$ cat target07.txt   # compact mmCIF, C-alpha atoms
# COMPACT_ATOMS: atom_id res chain seq x y z
CA MET A 137 0.00 0.00 0.00
CA LYS A 138 1.34 3.42 -1.04
CA ALA A 139 0.05 5.83 1.60
CA LEU A 140 0.53 9.50 0.74
CA SER A 141 3.03 11.63 2.63
CA ARG A 142 1.75 14.77 4.35
CA ARG A 143 3.02 16.92 1.48
CA GLN A 144 1.30 14.63 -1.03
CA MET A 145 -1.96 14.94 0.91
CA ALA A 146 -1.65 18.73 0.72
CA TRP A 147 -0.91 18.43 -3.01
CA ARG A 148 -4.04 16.36 -3.58
CA ALA A 149 -6.29 18.83 -1.78
CA ALA A 150 -4.76 21.70 -3.76
CA GLN A 151 -5.67 20.12 -7.10
CA ASP A 152 -9.39 20.63 -6.35
CA ILE A 153 -9.15 24.37 -5.68
CA ALA A 154 -10.88 26.10 -8.55
CA GLU A 155 -9.81 29.18 -10.47
CA GLY A 156 -10.97 32.35 -8.75
CA GLN A 157 -11.84 30.83 -5.38
CA THR A 158 -11.22 32.55 -2.06
CA VAL A 159 -9.75 29.97 0.29
CA ASN A 160 -8.92 29.81 3.98
CA LEU A 161 -6.33 27.25 5.05
CA GLY A 162 -6.19 25.99 8.62
CA ILE A 163 -3.01 25.92 10.64
CA GLY A 164 -0.62 22.97 10.41
CA LEU A 165 -0.86 20.59 7.47
CA PRO A 166 -3.51 22.58 5.51
CA THR A 167 -1.14 25.57 5.35
CA MET A 168 1.03 23.52 2.96
CA VAL A 169 -1.84 23.36 0.44
CA SER A 170 -0.95 26.84 -0.87
CA ASP A 171 2.39 25.47 -2.14
CA TYR A 172 0.65 23.14 -4.61
CA VAL A 173 -2.09 25.13 -6.34
CA PRO A 174 -1.71 24.28 -10.04
CA ALA A 175 0.20 26.91 -12.01
CA GLY A 176 -2.02 29.39 -13.83
CA ARG A 177 -4.92 29.08 -11.39
CA GLU A 178 -5.54 32.40 -9.63
CA VAL A 179 -6.62 31.78 -6.05
CA VAL A 180 -7.05 34.32 -3.22
CA PHE A 181 -5.94 33.08 0.19
CA HIS A 182 -7.71 34.53 3.22
CA SER A 183 -6.11 34.65 6.65
CA GLU A 184 -8.35 35.18 9.67
CA ASN A 185 -5.97 37.74 11.18
CA GLY A 186 -6.96 40.21 8.48
CA ILE A 187 -5.36 39.36 5.14
CA LEU A 188 -6.76 38.64 1.68
CA GLY A 189 -4.28 37.81 -1.07
CA MET A 190 -1.81 36.15 1.26
CA GLY A 191 1.28 34.71 -0.44
CA GLY A 192 3.71 32.08 0.75
CA ALA A 193 6.76 32.33 2.98
CA PRO A 194 8.62 35.63 2.41
CA LYS A 195 11.80 35.76 0.33
CA PRO A 196 15.00 36.13 2.36
CA GLY A 197 15.41 39.81 3.22
CA GLU A 198 11.69 40.54 2.76
CA GLU A 199 10.51 39.21 6.14
CA ASP A 200 8.22 41.59 8.04
CA ARG A 201 7.36 40.80 11.64
CA ASP A 202 3.97 42.51 11.27
CA LEU A 203 3.01 40.17 8.42
CA ILE A 204 2.07 36.74 9.78
CA ASN A 205 -0.41 34.00 8.87
CA ALA A 206 -2.99 32.33 11.11
CA GLY A 207 -0.33 29.95 12.42
CA LYS A 208 1.79 32.98 13.42
CA GLY A 209 4.45 32.16 10.81
CA LEU A 210 5.92 34.92 8.64
CA THR A 211 4.09 35.30 5.34
CA SER A 212 3.84 37.68 2.39
CA LEU A 213 1.22 39.68 0.51
CA ARG A 214 0.56 39.21 -3.19
CA PRO A 215 -0.18 42.11 -5.52
CA GLY A 216 -3.85 42.99 -4.99
CA GLY A 217 -3.75 41.87 -1.38
CA ALA A 218 -5.49 43.79 1.41
CA PHE A 219 -5.38 44.17 5.19
CA PHE A 220 -8.46 44.61 7.38
CA HIS A 221 -9.45 44.17 11.00
CA HIS A 222 -10.76 41.11 12.81
CA ASN A 223 -14.47 41.85 12.55
CA ASP A 224 -14.24 42.09 8.78
CA ALA A 225 -12.06 38.96 8.64
CA PHE A 226 -14.74 36.99 10.46
CA LEU A 227 -17.66 38.69 8.73
CA MET A 228 -16.14 37.23 5.55
CA ILE A 229 -16.04 33.79 7.17
CA ARG A 230 -19.40 33.78 8.97
CA GLY A 231 -21.25 35.54 6.19
CA GLY A 232 -20.49 32.91 3.55
CA HIS A 233 -17.98 34.99 1.59
CA ILE A 234 -15.23 32.34 1.76
CA ASP A 235 -15.59 29.72 -0.96
CA LEU A 236 -13.55 26.99 0.66
CA SER A 237 -12.11 26.16 4.05
CA ILE A 238 -9.58 23.36 4.36
CA MET A 239 -8.99 22.37 7.97
CA GLY A 240 -7.35 19.62 9.94
CA ALA A 241 -9.56 17.39 12.08
CA TYR A 242 -9.47 14.86 14.89
CA GLU A 243 -12.72 13.19 13.78
CA VAL A 244 -15.36 13.49 11.06
CA SER A 245 -18.74 11.73 11.23
CA GLU A 246 -20.61 10.01 8.41
CA THR A 247 -22.97 13.00 8.30
CA GLY A 248 -20.13 15.49 8.04
CA ASP A 249 -20.01 16.56 11.68
CA LEU A 250 -16.57 17.91 12.53
CA ALA A 251 -14.49 17.57 15.72
CA ASN A 252 -11.26 19.53 15.54
CA TRP A 253 -10.96 21.87 18.50
CA ALA A 254 -10.69 20.03 21.79
CA THR A 255 -9.14 16.82 23.03
CA ASN A 256 -10.26 15.29 26.29
CA SER A 257 -7.04 16.38 28.00
CA ASP A 258 -7.46 17.86 31.45
CA LYS A 259 -3.85 19.02 31.43
CA LEU A 260 -3.83 21.19 28.32
CA ALA A 261 -6.24 24.07 27.77
CA PRO A 262 -8.50 23.66 24.73
CA GLY A 263 -8.44 26.31 22.01
CA VAL A 264 -10.97 26.88 19.26
CA GLY A 265 -9.44 29.77 17.30
CA GLY A 266 -11.46 30.27 14.14
CA ALA A 267 -12.46 26.62 13.65
CA MET A 268 -16.12 26.97 14.65
CA ASP A 269 -16.50 30.16 12.61
CA LEU A 270 -15.06 28.50 9.51
CA ALA A 271 -17.05 25.30 9.97
CA ALA A 272 -20.30 27.24 10.33
CA GLY A 273 -19.66 29.92 7.74
CA ALA A 274 -17.47 28.84 4.82
CA LYS A 275 -19.41 27.81 1.70
CA ASP A 276 -17.52 24.52 1.50
CA VAL A 277 -15.58 22.80 4.30
CA ARG A 278 -13.05 20.12 3.49
CA VAL A 279 -10.86 18.17 5.87
CA LEU A 280 -7.25 17.12 5.46
CA MET A 281 -6.18 14.49 8.00
CA GLU A 282 -4.46 11.15 8.52
CA HIS A 283 -6.96 8.34 8.00
CA ASN A 284 -6.32 6.89 11.45
CA SER A 285 -4.99 8.02 14.81
CA LYS A 286 -1.49 7.07 15.90
CA ASP A 287 -2.99 4.13 17.82
CA GLY A 288 -4.77 2.99 14.64
CA SER A 289 -8.28 3.94 15.71
CA PRO A 290 -10.56 5.36 13.02
CA ARG A 291 -11.03 9.11 12.69
CA ILE A 292 -13.98 8.83 10.32
CA ARG A 293 -16.61 7.79 12.83
CA ARG A 294 -20.26 6.99 13.47
CA ARG A 295 -20.13 8.63 16.87
CA PHE A 296 -17.57 11.09 18.13
CA THR A 297 -15.25 10.51 21.05
CA LEU A 298 -14.29 14.21 21.03
CA PRO A 299 -16.23 17.50 21.35
CA LEU A 300 -18.15 18.79 18.32
CA THR A 301 -16.95 21.79 16.30
CA ALA A 302 -20.01 22.01 14.01
CA ARG A 303 -22.75 19.76 12.63
CA ALA A 304 -22.98 18.53 9.05
CA CYS A 305 -20.40 20.88 7.56
CA VAL A 306 -17.72 18.65 5.98
CA THR A 307 -18.23 17.78 2.31
CA ARG A 308 -14.95 16.07 1.43
CA ILE A 309 -12.14 14.33 3.33
CA TYR A 310 -8.58 13.95 2.07
CA THR A 311 -6.54 11.37 3.95
CA ASN A 312 -3.23 9.60 3.40
CA LEU A 313 -5.21 6.63 2.06
CA ALA A 314 -8.27 7.96 0.28
CA MET A 315 -10.39 10.84 -0.91
CA LEU A 316 -13.94 10.53 0.36
CA ASP A 317 -17.14 12.54 -0.06
CA VAL A 318 -19.79 13.03 2.58
CA THR A 319 -23.12 12.51 0.78
CA PRO A 320 -26.76 12.11 1.84
CA ASP A 321 -26.19 8.37 1.22
CA GLY A 322 -23.17 8.22 3.52
CA ILE A 323 -19.44 8.24 2.87
CA VAL A 324 -18.46 7.59 -0.74
CA VAL A 325 -14.89 6.63 -1.67
CA ARG A 326 -13.79 8.57 -4.76
CA GLU A 327 -10.10 7.68 -4.70
CA MET A 328 -7.95 5.08 -2.93
CA VAL A 329 -4.19 4.56 -2.90
CA GLU A 330 -2.69 1.64 -4.79
CA GLY A 331 -2.73 -1.68 -2.94
CA LEU A 332 -5.88 -0.85 -0.98
CA ASP A 333 -9.34 -2.24 -1.63
CA LEU A 334 -12.69 -1.26 -0.18
CA ASP A 335 -12.63 -4.07 2.41
CA ALA A 336 -9.22 -3.01 3.70
CA LEU A 337 -10.25 0.65 3.82
CA GLN A 338 -13.52 -0.28 5.54
CA LYS A 339 -11.58 -1.96 8.34
CA LEU A 340 -9.85 1.36 9.02
CA THR A 341 -13.10 3.36 8.93
CA GLU A 342 -16.11 3.18 11.26
CA PRO A 343 -19.11 4.13 9.09
CA LYS A 344 -20.17 1.99 6.15
CA LEU A 345 -18.32 3.03 2.99
CA SER A 346 -19.49 2.77 -0.57
CA LEU A 347 -17.29 2.92 -3.63
CA ALA A 348 -18.02 5.41 -6.40
CA ASN A 349 -18.60 3.75 -9.79
CA ASP A 350 -15.94 5.96 -11.32
CA TRP A 351 -13.46 5.67 -8.43
CA LYS A 352 -9.83 6.34 -9.22
CA LYS A 353 -6.45 5.48 -7.89
CA LEU A 354 -5.22 8.15 -5.43
CA THR A 355 -1.80 9.23 -6.62
CA ALA A 356 0.45 12.24 -6.14
CA PRO A 357 3.85 13.20 -7.54
CA VAL A 358 6.98 12.58 -5.48
CA LEU A 359 7.36 15.76 -3.38
CA MET B 112 -6.85 72.05 22.38
CA ILE B 113 -7.60 68.35 22.17
CA ASP B 114 -4.44 66.52 23.12
CA LYS B 115 -4.57 62.83 24.01
CA ARG B 116 -0.82 62.41 24.17
CA VAL B 117 0.51 61.33 27.55
CA ASP B 118 4.16 61.06 28.48
CA SER B 119 4.16 57.94 30.67
CA PHE B 120 2.62 54.50 30.62
CA ALA B 121 1.40 54.99 34.19
CA THR B 122 -0.57 58.07 33.08
CA ALA B 123 -1.94 56.08 30.16
CA LEU B 124 -3.31 53.57 32.69
CA ALA B 125 -4.69 56.04 35.25
CA GLY B 126 -7.96 54.73 36.65
CA LEU B 127 -7.23 51.07 35.95
CA GLU B 128 -8.42 49.32 39.10
CA ASP B 129 -8.19 45.80 40.50
CA GLY B 130 -10.93 43.59 39.07
CA ALA B 131 -11.18 45.51 35.79
CA THR B 132 -11.83 43.92 32.40
CA VAL B 133 -8.89 44.71 30.13
CA LEU B 134 -8.95 44.15 26.36
CA CYS B 135 -5.45 43.46 25.02
CA GLY B 136 -4.89 43.82 21.28
CA GLY B 137 -2.81 41.54 19.12
CA PHE B 138 -2.84 38.22 17.31
CA GLY B 139 0.05 36.26 18.75
CA SER B 140 2.67 38.91 19.46
CA VAL B 141 1.83 40.93 16.34
CA GLY B 142 -0.04 44.06 17.39
CA GLU B 143 0.37 43.21 21.08
CA PRO B 144 0.81 46.32 23.28
CA PHE B 145 3.87 45.07 25.17
CA ALA B 146 4.81 48.36 26.87
CA LEU B 147 1.31 49.00 28.24
CA ILE B 148 1.07 45.43 29.48
CA GLU B 149 4.43 45.77 31.25
CA ALA B 150 3.06 48.91 32.90
CA VAL B 151 0.00 47.00 34.18
CA ILE B 152 2.35 44.46 35.75
CA ALA B 153 4.38 47.28 37.34
CA LEU B 154 1.16 48.70 38.84
CA GLY B 155 0.57 45.32 40.48
CA ARG B 156 -3.13 45.14 39.59
CA ARG B 157 -4.98 41.99 40.67
CA ASP B 158 -8.12 40.00 39.72
CA LEU B 159 -8.20 41.39 36.20
CA THR B 160 -10.27 39.79 33.46
CA ILE B 161 -8.04 39.76 30.40
CA VAL B 162 -9.58 39.55 26.94
CA CYS B 163 -7.06 38.60 24.29
CA ASN B 164 -7.03 36.21 21.35
CA ASN B 165 -4.14 34.20 22.82
CA ALA B 166 -2.61 33.74 26.26
CA GLY B 167 0.75 35.23 25.30
CA SER B 168 4.00 33.68 24.12
CA GLY B 169 7.07 32.82 26.15
CA LEU B 170 7.53 35.06 29.16
CA VAL B 171 6.58 38.44 27.71
CA GLY B 172 3.44 40.51 27.20
CA VAL B 173 0.17 38.85 28.17
CA ALA B 174 2.11 35.75 29.27
CA ALA B 175 4.13 37.87 31.72
CA LEU B 176 0.92 39.50 32.97
CA LEU B 177 -0.62 36.10 33.66
CA LYS B 178 2.57 34.79 35.27
CA ALA B 179 2.71 37.84 37.55
CA GLY B 180 -0.70 36.85 38.93
CA CYS B 181 -2.53 39.95 37.71
CA ALA B 182 -5.41 38.03 36.12
CA ARG B 183 -8.17 35.95 37.64
CA ARG B 184 -9.85 35.20 34.35
CA LEU B 185 -8.88 34.97 30.70
CA ILE B 186 -11.35 35.23 27.81
CA CYS B 187 -9.71 34.10 24.57
CA SER B 188 -10.11 31.93 21.48
CA TYR B 189 -6.81 30.09 21.35
CA PRO B 190 -4.73 30.10 24.53
CA ARG B 191 -2.00 27.70 23.46
CA SER B 192 -0.23 29.60 20.72
CA THR B 193 3.54 29.93 20.23
CA ASP B 194 5.40 28.85 23.42
CA PRO B 195 2.39 28.54 25.78
CA GLN B 196 4.48 27.69 28.88
CA VAL B 197 2.75 30.19 31.18
CA ILE B 198 -0.86 29.27 30.35
CA ASP B 199 0.04 25.57 30.43
CA ALA B 200 1.38 25.90 33.98
CA LEU B 201 -1.55 28.03 35.18
CA TYR B 202 -4.13 25.75 33.57
CA ALA B 203 -2.57 22.56 34.95
CA ALA B 204 -2.55 24.13 38.43
CA ARG B 205 -6.14 25.43 37.98
CA LYS B 206 -4.93 28.92 38.80
CA ILE B 207 -6.85 30.70 36.04
CA GLU B 208 -10.48 30.77 34.93
CA LEU B 209 -10.58 30.26 31.20
CA GLU B 210 -13.48 31.17 28.89
CA ILE B 211 -12.96 29.91 25.34
CA VAL B 212 -14.84 31.89 22.69
CA PRO B 213 -14.80 31.27 18.92
CA GLN B 214 -12.51 33.88 17.41
CA GLY B 215 -15.10 35.69 15.30
CA THR B 216 -17.60 35.61 18.16
CA LEU B 217 -14.95 37.16 20.42
CA SER B 218 -14.43 40.11 18.10
CA GLU B 219 -18.15 40.45 17.35
CA ARG B 220 -19.06 40.47 21.07
CA MET B 221 -16.72 43.44 21.49
CA ARG B 222 -18.19 45.11 18.41
CA ALA B 223 -21.70 44.62 19.86
CA ALA B 224 -20.58 46.34 23.08
CA ALA B 225 -19.03 49.18 21.09
CA ALA B 226 -22.12 49.54 18.91
CA GLY B 227 -24.59 49.66 21.80
CA LEU B 228 -26.18 46.34 20.87
CA GLY B 229 -27.56 43.84 23.37
CA GLY B 230 -25.79 40.90 21.75
CA PHE B 231 -26.43 38.86 18.64
CA PHE B 232 -27.49 35.43 17.42
CA THR B 233 -24.94 33.34 15.53
CA LYS B 234 -24.76 29.83 14.11
CA VAL B 235 -21.16 29.60 15.29
CA GLY B 236 -20.84 27.20 18.21
CA ALA B 237 -24.41 25.87 17.95
CA GLU B 238 -24.84 22.48 19.66
CA THR B 239 -21.26 22.56 20.99
CA GLN B 240 -19.83 22.73 24.49
CA LEU B 241 -19.20 26.45 23.96
CA ALA B 242 -22.95 27.09 23.65
CA GLN B 243 -23.88 25.30 26.87
CA GLY B 244 -26.19 27.39 29.00
CA LYS B 245 -26.75 29.97 26.26
CA GLU B 246 -30.15 30.89 24.85
CA THR B 247 -30.78 29.51 21.36
CA ARG B 248 -33.25 30.32 18.61
CA LEU B 249 -34.12 28.77 15.26
CA ILE B 250 -33.47 31.36 12.56
CA GLY B 251 -33.93 30.35 8.93
CA GLY B 252 -34.13 26.73 10.06
CA ALA B 253 -30.72 26.77 11.76
CA VAL B 254 -29.90 26.81 15.46
CA HIS B 255 -28.43 30.16 16.50
CA VAL B 256 -26.79 30.97 19.83
CA LEU B 257 -27.28 34.24 21.70
CA GLU B 258 -23.93 35.86 22.43
CA GLN B 259 -23.57 38.73 24.89
CA PRO B 260 -21.75 42.02 24.35
CA LEU B 261 -18.24 42.16 25.79
CA PRO B 262 -17.15 45.64 26.86
CA GLY B 263 -13.82 46.50 28.44
CA ASP B 264 -13.09 48.87 31.31
CA PHE B 265 -9.79 49.45 29.53
CA ALA B 266 -8.52 48.63 26.07
CA LEU B 267 -4.77 48.42 25.51
CA ILE B 268 -3.95 48.96 21.85
CA LYS B 269 -0.86 48.82 19.67
CA ALA B 270 -0.84 51.01 16.55
CA HIS B 271 1.82 52.28 14.20
CA ARG B 272 1.15 56.04 14.05
CA ALA B 273 -1.09 58.44 15.94
CA ASP B 274 -1.78 62.15 16.08
CA ARG B 275 -2.84 64.19 19.12
CA TRP B 276 -6.53 63.53 18.41
CA GLY B 277 -5.89 59.81 18.80
CA ASN B 278 -6.41 58.92 15.15
CA LEU B 279 -4.62 55.62 14.55
CA VAL B 280 -2.94 53.94 11.60
CA TYR B 281 -1.82 50.31 11.79
CA ARG B 282 0.84 48.30 9.99
CA LYS B 283 -0.10 45.25 7.91
CA ALA B 284 -1.46 42.32 9.94
CA ALA B 285 -0.77 44.14 13.22
CA ARG B 286 -4.24 45.68 12.89
CA ASN B 287 -6.15 42.49 13.85
CA PHE B 288 -8.16 42.95 17.09
CA ASN B 289 -6.88 46.46 17.83
CA PRO B 290 -9.62 48.51 16.09
CA VAL B 291 -12.53 46.61 17.69
CA MET B 292 -10.92 46.69 21.11
CA ALA B 293 -10.30 50.42 20.77
CA MET B 294 -14.03 50.81 20.10
CA ALA B 295 -15.10 48.55 22.99
CA GLY B 296 -12.94 50.03 25.75
CA LYS B 297 -14.48 52.58 28.13
CA VAL B 298 -10.94 53.95 28.36
CA THR B 299 -8.67 53.19 25.41
CA ALA B 300 -4.92 53.65 25.67
CA ALA B 301 -2.81 53.20 22.55
CA GLN B 302 0.92 52.68 22.40
CA VAL B 303 2.34 53.74 19.06
CA ASP B 304 5.65 53.66 17.22
CA GLU B 305 5.35 57.25 16.10
CA LEU B 306 3.42 60.44 16.92
CA VAL B 307 2.84 62.74 14.00
CA GLU B 308 1.45 66.24 13.49
CA LEU B 309 -2.32 66.61 13.35
CA GLY B 310 -3.31 66.61 9.70
CA SER B 311 -0.38 64.56 8.48
CA LEU B 312 -2.13 61.17 8.61
CA ASP B 313 -3.91 60.32 5.37
CA PRO B 314 -7.62 60.57 6.33
CA GLU B 315 -8.34 57.65 3.96
CA ALA B 316 -5.91 55.44 5.88
CA ILE B 317 -7.08 56.14 9.45
CA ALA B 318 -8.42 52.77 10.63
CA THR B 319 -9.36 53.95 14.13
CA PRO B 320 -10.74 57.50 14.33
CA GLY B 321 -9.73 59.39 17.47
CA ILE B 322 -13.26 59.25 18.91
CA PHE B 323 -12.39 55.74 20.14
CA VAL B 324 -9.04 56.66 21.70
CA ASP B 325 -8.48 58.41 25.03
CA ARG B 326 -4.72 58.30 25.55
CA VAL B 327 -1.76 57.90 23.24
CA VAL B 328 1.75 57.10 24.36
CA ILE B 329 4.88 56.50 22.33
CA ALA B 330 6.67 53.20 22.94
$ encode --input "target07.txt" --output "structure tokens"
Amino acid sequence: MKALSRRQMAWRAAQDIAEGQTVNLGIGLPTMVSDYVPAGREVVFHSENGILGMGGAPKPGEEDRDLINAGKGLTSLRPGGAFFHHNDAFLMIRGGHIDLSIMGAYEVSETGDLANWATNSDKLAPGVGGAMDLAAGAKDVRVLMEHNSKDGSPRIRRRFTLPLTARACVTRIYTNLAMLDVTPDGIVVREMVEGLDLDALQKLTEPKLSLANDWKKLTAPVL
Amino acid sequence: MIDKRVDSFATALAGLEDGATVLCGGFGSVGEPFALIEAVIALGRRDLTIVCNNAGSGLVGVAALLKAGCARRLICSYPRSTDPQVIDALYAARKIELEIVPQGTLSERMRAAAAGLGGFFTKVGAETQLAQGKETRLIGGAVHVLEQPLPGDFALIKAHRADRWGNLVYRKAARNFNPVMAMAGKVTAAQVDELVELGSLDPEAIATPGIFVDRVVIA
């Protein structure tokens, strides 16, 4: 079985971003998606700390400590970019002005419920950031996550073990093993990596899966 | 003559009492009013409610304020940002009350306070732990949660340039929560990189008009 690397997962999610979309990328793995938008596709990246038209990491010598992304890493502004304050940044999110949100997740349910803000730790403080705003407000919410937890337990679930972020918001899940859609008929497998069949994937997934008639092999270039 | 310039941080904080609610600008350390926060620590205020997106980084700014024991309660969206050693220690020892608020709801609650509104209904947080105990209403078929206004007794702001009327201009992503906090503070003190002559700020670029600012200090 040829599971995708984290960079390959980010690459796969980037291929589905359409020309002209305004996109918000979550912190961590989803941030890498911006590196792999196909050449020639013009996409506007939104950052919840008040940036539209965010670029990638700054060139050496062009770093500006007042120009950071949602993960607090240094970033850059593309021509046409704009700065604004927090209320406008979240008005854009809550008001349905963001075409696509790609976030990490702990768990996704078969009806597209999302859990990605709190663990059950009593030692570490939970933090929600903009996750609930994005889940409730973006026009389309997609998740980028490892198919299973480190202990092998499924993260696509019938019932959550972790606190809810928002109900019925996730439309598509990109994992290291598959690309799956959340549909009214349940979870549909659109793509699977080589060496995996539906039975094997089902064993790693809690809800009942169905295979799309036109399913494809999930591949990504060496990155 | 209207002149909001003050020449010390202590003057900028005059009237800040124990138990006050203090809005602290910034997203991470960008736009965080470090000098004003240091001055609050020096005053030795206690039992403050701090409203800030994060709980500070390392041992400076809001993190230093929390470590110094000035705060009883923290209202924020994402406490564990870069180097969260102080909040981790306080949380593990149950030495701080923590209210987690979705980030956009946090800024909108302050805007509601500033705008004289009695709160607002939002879909954000519906059916989650963060909506527990809050009034809900079905609007357009979706569950909405009633969120309360969040005013500050003080707002501590970081801006790039100011004039003596308190008009403020920010730099890049250092704007973040600062404008809404400036609006929601009963007393708003701004630390700025530069003070300029009245009339020299581009009126089209003023993000916070001086009506929302009471004191300006250079830092």
$ interface_residues --input "target07.txt" --of "chain B" --to "chain A" --cutoff "7 Å" --atoms "only C-alpha atoms" --output "ChimeraX atom specification"
/B:138-139,141,188-191,199,202-203,211,213-215,218-219,234-236,239,282-288,290
$ write_last_selection --input "target07.txt" --atoms "C-alpha atoms" --output "PDB file, in the frame of the given file"
ATOM      1  CA  PHE B 138      -2.840  38.220  17.310  1.00  0.00           C
ATOM      2  CA  GLY B 139       0.050  36.260  18.750  1.00  0.00           C
ATOM      3  CA  VAL B 141       1.830  40.930  16.340  1.00  0.00           C
ATOM      4  CA  SER B 188     -10.110  31.930  21.480  1.00  0.00           C
ATOM      5  CA  TYR B 189      -6.810  30.090  21.350  1.00  0.00           C
ATOM      6  CA  PRO B 190      -4.730  30.100  24.530  1.00  0.00           C
ATOM      7  CA  ARG B 191      -2.000  27.700  23.460  1.00  0.00           C
ATOM      8  CA  ASP B 199       0.040  25.570  30.430  1.00  0.00           C
ATOM      9  CA  TYR B 202      -4.130  25.750  33.570  1.00  0.00           C
ATOM     10  CA  ALA B 203      -2.570  22.560  34.950  1.00  0.00           C
ATOM     11  CA  ILE B 211     -12.960  29.910  25.340  1.00  0.00           C
ATOM     12  CA  PRO B 213     -14.800  31.270  18.920  1.00  0.00           C
ATOM     13  CA  GLN B 214     -12.510  33.880  17.410  1.00  0.00           C
ATOM     14  CA  GLY B 215     -15.100  35.690  15.300  1.00  0.00           C
ATOM     15  CA  SER B 218     -14.430  40.110  18.100  1.00  0.00           C
ATOM     16  CA  GLU B 219     -18.150  40.450  17.350  1.00  0.00           C
ATOM     17  CA  LYS B 234     -24.760  29.830  14.110  1.00  0.00           C
ATOM     18  CA  VAL B 235     -21.160  29.600  15.290  1.00  0.00           C
ATOM     19  CA  GLY B 236     -20.840  27.200  18.210  1.00  0.00           C
ATOM     20  CA  THR B 239     -21.260  22.560  20.990  1.00  0.00           C
ATOM     21  CA  ARG B 282       0.840  48.300   9.990  1.00  0.00           C
ATOM     22  CA  LYS B 283      -0.100  45.250   7.910  1.00  0.00           C
ATOM     23  CA  ALA B 284      -1.460  42.320   9.940  1.00  0.00           C
ATOM     24  CA  ALA B 285      -0.770  44.140  13.220  1.00  0.00           C
ATOM     25  CA  ARG B 286      -4.240  45.680  12.890  1.00  0.00           C
ATOM     26  CA  ASN B 287      -6.150  42.490  13.850  1.00  0.00           C
ATOM     27  CA  PHE B 288      -8.160  42.950  17.090  1.00  0.00           C
ATOM     28  CA  PRO B 290      -9.620  48.510  16.090  1.00  0.00           C
TER      29      PRO B 290
END
$ atom_distance --input "target07.txt" --atom1 "atom CA of A:Ile309" --atom2 "atom CA of A:Val173"
17.6 Å
$ atom_distance --input "target07.txt" --atom1 "atom CA of B:Ile113" --atom2 "atom CA of B:Gly126"
19.9 Å
$ closest_atom_pairs --input "target07.txt" --of "stretch 145-235 of chain A" --to "stretch 342-357 of chain A" --cutoff "8 Å" --atoms "all atoms listed in the file" --output "Markdown table"
| residue | atom | partner | partner_atom | distance |
| --- | --- | --- | --- | --- |
| A:Met145 | CA | A:Ala356 | CA | 7.9 |
| A:Trp147 | CA | A:Ala356 | CA | 7.1 |
| A:Arg148 | CA | A:Ala356 | CA | 6.6 |
$ residues_near_point --input "target07.txt" --point "(-1.7, 47.3, 27.6)" --cutoff "6 Å" --atoms "all atoms listed in the file" --output "list in words"
Cys135, Pro144, Leu147, Ile148 and Leu267 of chain B
$ closest_residue --input "target07.txt" --among "A:Met328, A:Gln151, A:Thr297, A:Thr158" --to "A:Met315" --atoms "all atoms listed in the file"
A:Met328
$ residues_around --input "target07.txt" --residues "A:Ser285" --least-positions-apart "6" --cutoff "12 Å" --atoms "all atoms listed in the file" --output "list in words"
Ala241, Tyr242, Glu243, Arg291, Ile292, Arg293, Thr311, Asn312, Leu340 and Thr341 of chain A
$ closest_residue --input "target07.txt" --among "B:Leu154, B:Ala316, B:Ile322, B:Met294" --to "B:Phe265" --atoms "only C-alpha atoms"
B:Met294
$ atom_distance --input "target07.txt" --atom1 "atom CA of B:Glu258" --atom2 "atom CA of B:Ala225"
14.3 Å
$ closest_residue --input "target07.txt" --among "A:Asn252, A:Lys195, A:Lys138, A:Ser257" --to "A:Ile163" --atoms "all atoms listed in the file"
A:Asn252
$ closest_residue --input "target07.txt" --among "B:Ala174, B:Cys181, B:Gln196, B:Ser168" --to "B:Arg156" --atoms "only C-alpha atoms"
B:Cys181
$ residues_around --input "target07.txt" --residues "A:Gly240" --least-positions-apart "3" --cutoff "9 Å" --atoms "only C-alpha atoms" --output "number ranges by chain"
A: 162-166, 252, 278-281
$ write_last_selection --input "target07.txt" --atoms "C-alpha atoms" --output "PDB file, in the coordinates of the input"
ATOM      1  CA  GLY A 162      -6.190  25.990   8.620  1.00  0.00           C
ATOM      2  CA  ILE A 163      -3.010  25.920  10.640  1.00  0.00           C
ATOM      3  CA  GLY A 164      -0.620  22.970  10.410  1.00  0.00           C
ATOM      4  CA  LEU A 165      -0.860  20.590   7.470  1.00  0.00           C
ATOM      5  CA  PRO A 166      -3.510  22.580   5.510  1.00  0.00           C
ATOM      6  CA  ASN A 252     -11.260  19.530  15.540  1.00  0.00           C
ATOM      7  CA  ARG A 278     -13.050  20.120   3.490  1.00  0.00           C
ATOM      8  CA  VAL A 279     -10.860  18.170   5.870  1.00  0.00           C
ATOM      9  CA  LEU A 280      -7.250  17.120   5.460  1.00  0.00           C
ATOM     10  CA  MET A 281      -6.180  14.490   8.000  1.00  0.00           C
TER      11      MET A 281
END
